[in-house]
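Asker: If it helps, the file is called upload29.txt and holds compact mmCIF, C-alpha atoms:
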# COMPACT_ATOMS: atom_id res chain seq x y z
CA MET A 1 5.45 -0.55 -17.27
CA GLU A 2 9.11 -0.92 -16.27
CA LYS A 3 8.45 0.95 -13.01
CA ALA A 4 5.57 -1.41 -12.22
CA VAL A 5 7.84 -4.43 -12.68
CA ALA A 6 10.48 -2.87 -10.44
CA LEU A 7 7.87 -2.05 -7.79
CA PHE A 8 6.52 -5.59 -7.95
CA PHE A 9 10.02 -7.03 -7.55
CA LEU A 10 10.85 -4.78 -4.59
CA LEU A 11 7.51 -5.52 -2.96
CA SER A 12 8.09 -9.25 -3.37
CA VAL A 13 11.52 -9.02 -1.76
CA LEU A 14 10.25 -6.93 1.13
CA LEU A 15 7.23 -9.15 1.67
CA SER A 16 9.36 -12.27 1.76
CA SER A 17 11.93 -10.96 4.17
CA GLY A 18 10.91 -7.88 6.03
CA GLU A 19 8.69 -5.31 7.51
CA LEU A 20 5.94 -5.48 4.91
CA ALA A 21 5.61 -9.22 5.53
CA ALA A 22 4.69 -8.30 9.10
CA ALA A 23 2.16 -5.79 7.82
CA GLU A 24 0.66 -8.41 5.53
CA SER A 25 0.29 -11.06 8.21
CA SER A 26 -0.81 -8.84 11.08
CA CYS A 27 -2.86 -6.24 9.22
CA LYS A 28 -4.89 -8.54 6.97
CA MET A 29 -3.66 -6.90 3.77
CA THR A 30 -2.76 -9.49 1.17
CA GLU A 31 0.18 -9.28 -1.18
CA GLN A 32 -2.26 -9.08 -4.10
CA GLY A 33 -4.06 -6.23 -2.35
CA MET A 34 -0.82 -4.33 -1.85
CA ILE A 35 0.11 -4.84 -5.49
CA ALA A 36 -3.33 -3.66 -6.60
CA CYS A 37 -2.88 -0.48 -4.56
CA LEU A 38 0.66 0.34 -5.73
CA PRO A 39 -0.33 2.52 -8.72
CA SER A 40 -2.43 4.69 -6.37
CA MET A 41 0.38 5.19 -3.88
CA ALA A 42 3.38 5.60 -6.18
CA ASP A 43 5.33 8.82 -6.27
CA GLY A 44 4.68 10.60 -9.51
CA LYS A 45 2.79 13.42 -11.13
CA SER A 46 -0.63 11.84 -11.15
CA PRO A 47 -1.23 8.60 -9.27
CA ALA A 48 -3.98 6.32 -10.54
CA ALA A 49 -7.35 6.19 -8.86
CA PRO A 50 -7.58 3.12 -6.62
CA SER A 51 -8.82 0.05 -8.46
CA PRO A 52 -11.78 -2.03 -7.30
CA LYS A 53 -9.28 -4.76 -6.26
CA CYS A 54 -7.34 -2.25 -4.18
CA CYS A 55 -10.48 -0.97 -2.46
CA ALA A 56 -11.75 -4.51 -1.80
CA ALA A 57 -8.43 -5.40 -0.17
CA LEU A 58 -8.49 -2.24 1.96
CA ALA A 59 -12.05 -2.97 3.04
CA LYS A 60 -10.84 -6.28 4.54
CA ALA A 61 -7.62 -4.87 6.01
CA ASP A 62 -6.97 -3.71 9.55
CA LEU A 63 -6.50 -0.02 8.72
CA PRO A 64 -5.31 1.16 12.16
CA CYS A 65 -2.68 -1.57 11.96
CA LEU A 66 -1.56 -0.39 8.51
CA CYS A 67 -1.23 3.15 9.86
CA LYS A 68 1.64 1.93 12.03
CA TYR A 69 3.70 1.42 8.87
CA LYS A 70 3.14 4.86 7.32
CA ASP A 71 6.58 6.09 8.42
CA SER A 72 8.39 2.91 7.38
CA PRO A 73 11.51 3.42 5.24
CA ALA A 74 10.37 0.37 3.26
CA LEU A 75 7.58 2.46 1.71
CA ARG A 76 10.03 4.98 0.28
CA GLN A 77 12.22 2.14 -1.04
CA LEU A 78 9.20 0.97 -3.02
CA GLY A 79 8.50 4.44 -4.38
CA ILE A 80 5.35 4.66 -2.26
CA ASN A 81 4.27 8.08 -1.09
CA PRO A 82 2.90 7.63 2.46
CA LYS A 83 0.66 10.69 2.07
CA LEU A 84 -1.03 9.05 -0.90
CA ALA A 85 -1.24 5.72 0.91
CA VAL A 86 -3.17 7.15 3.86
CA GLN A 87 -5.64 8.80 1.46
CA LEU A 88 -6.71 5.49 -0.08
CA PRO A 89 -9.49 4.62 2.41
CA VAL A 90 -11.16 7.96 1.67
CA LYS A 91 -10.67 7.59 -2.08
CA CYS A 92 -12.17 4.10 -1.84
CA LYS A 93 -15.13 5.58 0.04
CA LEU A 94 -14.74 3.17 2.94
CA SER A 95 -17.29 3.89 5.66
CA SER A 96 -14.71 3.76 8.44
CA HIS A 97 -11.16 4.93 8.10
CA PRO A 98 -8.61 5.94 10.72
CA ALA A 99 -6.86 9.27 10.87
CA CYS A 100 -3.28 8.05 10.53
Can you present the structure in this file as structure tokens?
Answerer:
Amino acid sequence: MEKAVALFFLLSVLLSSGELAAAESSCKMTEQGMIACLPSMADGKSPAAPSPKCCAALAKADLPCLCKYKDSPALRQLGINPKLAVQLPVKCKLSSHPAC
């Protein structure tokens, strides 16, 4: 639980002042959607399966736009594994997903 609070805090800071704020506004991925997807993208032994909220947010997002951020240092600062992040559209069984 402590890691989730830390991830939420870091995400909030980055969204309010940086690169992820640009991703949110230009890629149609809401802050709530990003937070819902965090457990499925976090570095660790066994990331959680994406939640329905995460998948719903991804379904509305501009996925090719989000792919532009896969090499962002901000992801690593949040403890997000970019390899896991780019797998989410497939795990959510979205009909169209880019090859990042």
Asker: Of the residues A:Cys100, A:Met29, A:Cys55, A:Ala49, which is the one nearest to A:Lys70, using only C-alpha atoms?
Answerer: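 With only C-alpha atoms as the atom set, the closest residue is A:Cys100.
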Asker: Counting only C-alpha atoms, what is within 8 Å of stretch 93-97 of chain A, bar same-chain residues fewer than 2 positions away, as a short mmCIF file (atom, residue, chain, number, x, y, z; two decimals) with C-alpha atoms, in the coordinates of the input?
Answerer:
data_model
loop_
_atom_site.label_atom_id
_atom_site.label_comp_id
_atom_site.auth_asym_id
_atom_site.auth_seq_id
_atom_site.Cartn_x
_atom_site.Cartn_y
_atom_site.Cartn_z
CA ALA A 59 -12.05 -2.97 3.04
CA LEU A 63 -6.50 -0.02 8.72
CA PRO A 89 -9.49 4.62 2.41
CA VAL A 90 -11.16 7.96 1.67
CA LYS A 91 -10.67 7.59 -2.08
CA ALA A 99 -6.86 9.27 10.87
#
Asker: At what distance in Å, to one decimal, does atom CA of A:Leu38 lie from atom CA of A:Asp71?
Answerer: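 That distance, rounded to one decimal, is 16.4 Å.
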Asker: Pick from A:Lys60, A:Arg76, A:Lys83, A:Lys53: nearest to A:Cys27, with all atoms listed in the file counted?
Answerer: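 Counting all atoms listed in the file, the residue closest to A:Cys27 is A:Lys60.
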Asker: Can you pull out the residues contacting A:Gly33? Cut-off 10 Å, using all atoms listed in the file, and skip same-chain residues under 2 positions away; I want them as number ranges by chain.
Answerer: A: 24, 28-31, 35-38, 51, 53-58, 60-61
Asker: Could you please determine the separation between atom CA of A:Met41 and atom CA of A:Ile80 in Å, to one decimal place?
Answerer: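 Value for the atom CA of A:Met41-atom CA of A:Ile80 distance: 5.3 Å.
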Asker: One decimal, in Å: what's the spacing between atom CA of A:Pro82 and atom CA of A:Asp62?
Answerer: 16.6 Å
Asker: Is it possible to produce a file of stretch 25-37 of chain A from this structure, with all heavy atoms, as a PDB file, in the first residue's frame?
Answerer:
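Contents of result_12.pdb, freshly written:
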ATOM      1  N   SER A  25      -2.997  15.566 -21.564  1.00  0.00           N
ATOM      2  CA  SER A  25      -3.814  16.494 -22.346  1.00  0.00           C
ATOM      3  C   SER A  25      -3.822  16.156 -23.828  1.00  0.00           C
ATOM      4  O   SER A  25      -4.840  16.303 -24.487  1.00  0.00           O
ATOM      5  CB  SER A  25      -3.323  17.923 -22.134  1.00  0.00           C
ATOM      6  OG  SER A  25      -2.018  18.080 -22.631  1.00  0.00           O
ATOM      7  N   SER A  26      -2.721  15.682 -24.366  1.00  0.00           N
ATOM      8  CA  SER A  26      -2.671  15.444 -25.808  1.00  0.00           C
ATOM      9  C   SER A  26      -3.015  14.017 -26.206  1.00  0.00           C
ATOM     10  O   SER A  26      -3.342  13.770 -27.358  1.00  0.00           O
ATOM     11  CB  SER A  26      -1.294  15.816 -26.356  1.00  0.00           C
ATOM     12  OG  SER A  26      -0.312  14.961 -25.829  1.00  0.00           O
ATOM     13  N   CYS A  27      -2.971  13.088 -25.280  1.00  0.00           N
ATOM     14  CA  CYS A  27      -3.204  11.681 -25.612  1.00  0.00           C
ATOM     15  C   CYS A  27      -4.538  11.155 -25.096  1.00  0.00           C
ATOM     16  O   CYS A  27      -4.813   9.965 -25.208  1.00  0.00           O
ATOM     17  CB  CYS A  27      -2.066  10.814 -25.072  1.00  0.00           C
ATOM     18  SG  CYS A  27      -0.457  11.227 -25.767  1.00  0.00           S
ATOM     19  N   LYS A  28      -5.330  11.999 -24.502  1.00  0.00           N
ATOM     20  CA  LYS A  28      -6.675  11.635 -24.047  1.00  0.00           C
ATOM     21  C   LYS A  28      -6.684  10.562 -22.964  1.00  0.00           C
ATOM     22  O   LYS A  28      -7.634   9.797 -22.848  1.00  0.00           O
ATOM     23  CB  LYS A  28      -7.548  11.209 -25.226  1.00  0.00           C
ATOM     24  CG  LYS A  28      -7.673  12.269 -26.299  1.00  0.00           C
ATOM     25  CD  LYS A  28      -8.443  11.739 -27.476  1.00  0.00           C
ATOM     26  CE  LYS A  28      -8.411  12.753 -28.610  1.00  0.00           C
ATOM     27  NZ  LYS A  28      -8.893  12.200 -29.850  1.00  0.00           N
ATOM     28  N   MET A  29      -5.623  10.495 -22.192  1.00  0.00           N
ATOM     29  CA  MET A  29      -5.556   9.569 -21.060  1.00  0.00           C
ATOM     30  C   MET A  29      -5.708  10.388 -19.796  1.00  0.00           C
ATOM     31  O   MET A  29      -4.889  11.262 -19.518  1.00  0.00           O
ATOM     32  CB  MET A  29      -4.226   8.820 -21.063  1.00  0.00           C
ATOM     33  CG  MET A  29      -4.076   7.777 -19.990  1.00  0.00           C
ATOM     34  SD  MET A  29      -5.140   6.357 -20.316  1.00  0.00           S
ATOM     35  CE  MET A  29      -4.521   5.199 -19.123  1.00  0.00           C
ATOM     36  N   THR A  30      -6.753  10.151 -19.038  1.00  0.00           N
ATOM     37  CA  THR A  30      -7.009  10.942 -17.841  1.00  0.00           C
ATOM     38  C   THR A  30      -6.078  10.554 -16.701  1.00  0.00           C
ATOM     39  O   THR A  30      -5.498   9.456 -16.696  1.00  0.00           O
ATOM     40  CB  THR A  30      -8.463  10.749 -17.368  1.00  0.00           C
ATOM     41  OG1 THR A  30      -8.616   9.394 -16.946  1.00  0.00           O
ATOM     42  CG2 THR A  30      -9.461  11.102 -18.461  1.00  0.00           C
ATOM     43  N   GLU A  31      -5.980  11.433 -15.730  1.00  0.00           N
ATOM     44  CA  GLU A  31      -5.184  11.146 -14.546  1.00  0.00           C
ATOM     45  C   GLU A  31      -5.739   9.917 -13.834  1.00  0.00           C
ATOM     46  O   GLU A  31      -4.991   9.036 -13.411  1.00  0.00           O
ATOM     47  CB  GLU A  31      -5.207  12.345 -13.601  1.00  0.00           C
ATOM     48  CG  GLU A  31      -4.402  12.136 -12.339  1.00  0.00           C
ATOM     49  CD  GLU A  31      -4.404  13.364 -11.443  1.00  0.00           C
ATOM     50  OE1 GLU A  31      -4.958  14.413 -11.821  1.00  0.00           O
ATOM     51  OE2 GLU A  31      -3.844  13.263 -10.345  1.00  0.00           O
ATOM     52  N   GLN A  32      -7.070   9.818 -13.747  1.00  0.00           N
ATOM     53  CA  GLN A  32      -7.684   8.661 -13.098  1.00  0.00           C
ATOM     54  C   GLN A  32      -7.367   7.376 -13.869  1.00  0.00           C
ATOM     55  O   GLN A  32      -7.171   6.321 -13.269  1.00  0.00           O
ATOM     56  CB  GLN A  32      -9.209   8.843 -12.992  1.00  0.00           C
ATOM     57  CG  GLN A  32      -9.624   9.948 -12.057  1.00  0.00           C
ATOM     58  CD  GLN A  32      -9.592  11.335 -12.715  1.00  0.00           C
ATOM     59  OE1 GLN A  32      -9.450  11.467 -13.929  1.00  0.00           O
ATOM     60  NE2 GLN A  32      -9.705  12.370 -11.913  1.00  0.00           N
ATOM     61  N   GLY A  33      -7.339   7.478 -15.192  1.00  0.00           N
ATOM     62  CA  GLY A  33      -6.990   6.318 -16.011  1.00  0.00           C
ATOM     63  C   GLY A  33      -5.564   5.873 -15.780  1.00  0.00           C
ATOM     64  O   GLY A  33      -5.276   4.676 -15.671  1.00  0.00           O
ATOM     65  N   MET A  34      -4.649   6.859 -15.696  1.00  0.00           N
ATOM     66  CA  MET A  34      -3.248   6.515 -15.438  1.00  0.00           C
ATOM     67  C   MET A  34      -3.098   5.855 -14.079  1.00  0.00           C
ATOM     68  O   MET A  34      -2.386   4.859 -13.938  1.00  0.00           O
ATOM     69  CB  MET A  34      -2.380   7.769 -15.521  1.00  0.00           C
ATOM     70  CG  MET A  34      -2.206   8.287 -16.916  1.00  0.00           C
ATOM     71  SD  MET A  34      -1.078   9.695 -16.897  1.00  0.00           S
ATOM     72  CE  MET A  34      -1.250  10.259 -18.576  1.00  0.00           C
ATOM     73  N   ILE A  35      -3.794   6.404 -13.085  1.00  0.00           N
ATOM     74  CA  ILE A  35      -3.722   5.831 -11.734  1.00  0.00           C
ATOM     75  C   ILE A  35      -4.288   4.414 -11.729  1.00  0.00           C
ATOM     76  O   ILE A  35      -3.725   3.521 -11.103  1.00  0.00           O
ATOM     77  CB  ILE A  35      -4.444   6.750 -10.728  1.00  0.00           C
ATOM     78  CG1 ILE A  35      -3.645   8.045 -10.570  1.00  0.00           C
ATOM     79  CG2 ILE A  35      -4.636   6.057  -9.386  1.00  0.00           C
ATOM     80  CD1 ILE A  35      -4.375   9.142  -9.829  1.00  0.00           C
ATOM     81  N   ALA A  36      -5.384   4.206 -12.450  1.00  0.00           N
ATOM     82  CA  ALA A  36      -5.982   2.864 -12.510  1.00  0.00           C
ATOM     83  C   ALA A  36      -5.042   1.851 -13.153  1.00  0.00           C
ATOM     84  O   ALA A  36      -5.076   0.666 -12.824  1.00  0.00           O
ATOM     85  CB  ALA A  36      -7.302   2.916 -13.271  1.00  0.00           C
ATOM     86  N   CYS A  37      -4.195   2.318 -14.058  1.00  0.00           N
ATOM     87  CA  CYS A  37      -3.283   1.414 -14.767  1.00  0.00           C
ATOM     88  C   CYS A  37      -1.955   1.192 -14.040  1.00  0.00           C
ATOM     89  O   CYS A  37      -1.221   0.263 -14.397  1.00  0.00           O
ATOM     90  CB  CYS A  37      -3.018   1.938 -16.174  1.00  0.00           C
ATOM     91  SG  CYS A  37      -4.452   1.849 -17.269  1.00  0.00           S
TER      92      CYS A  37
END
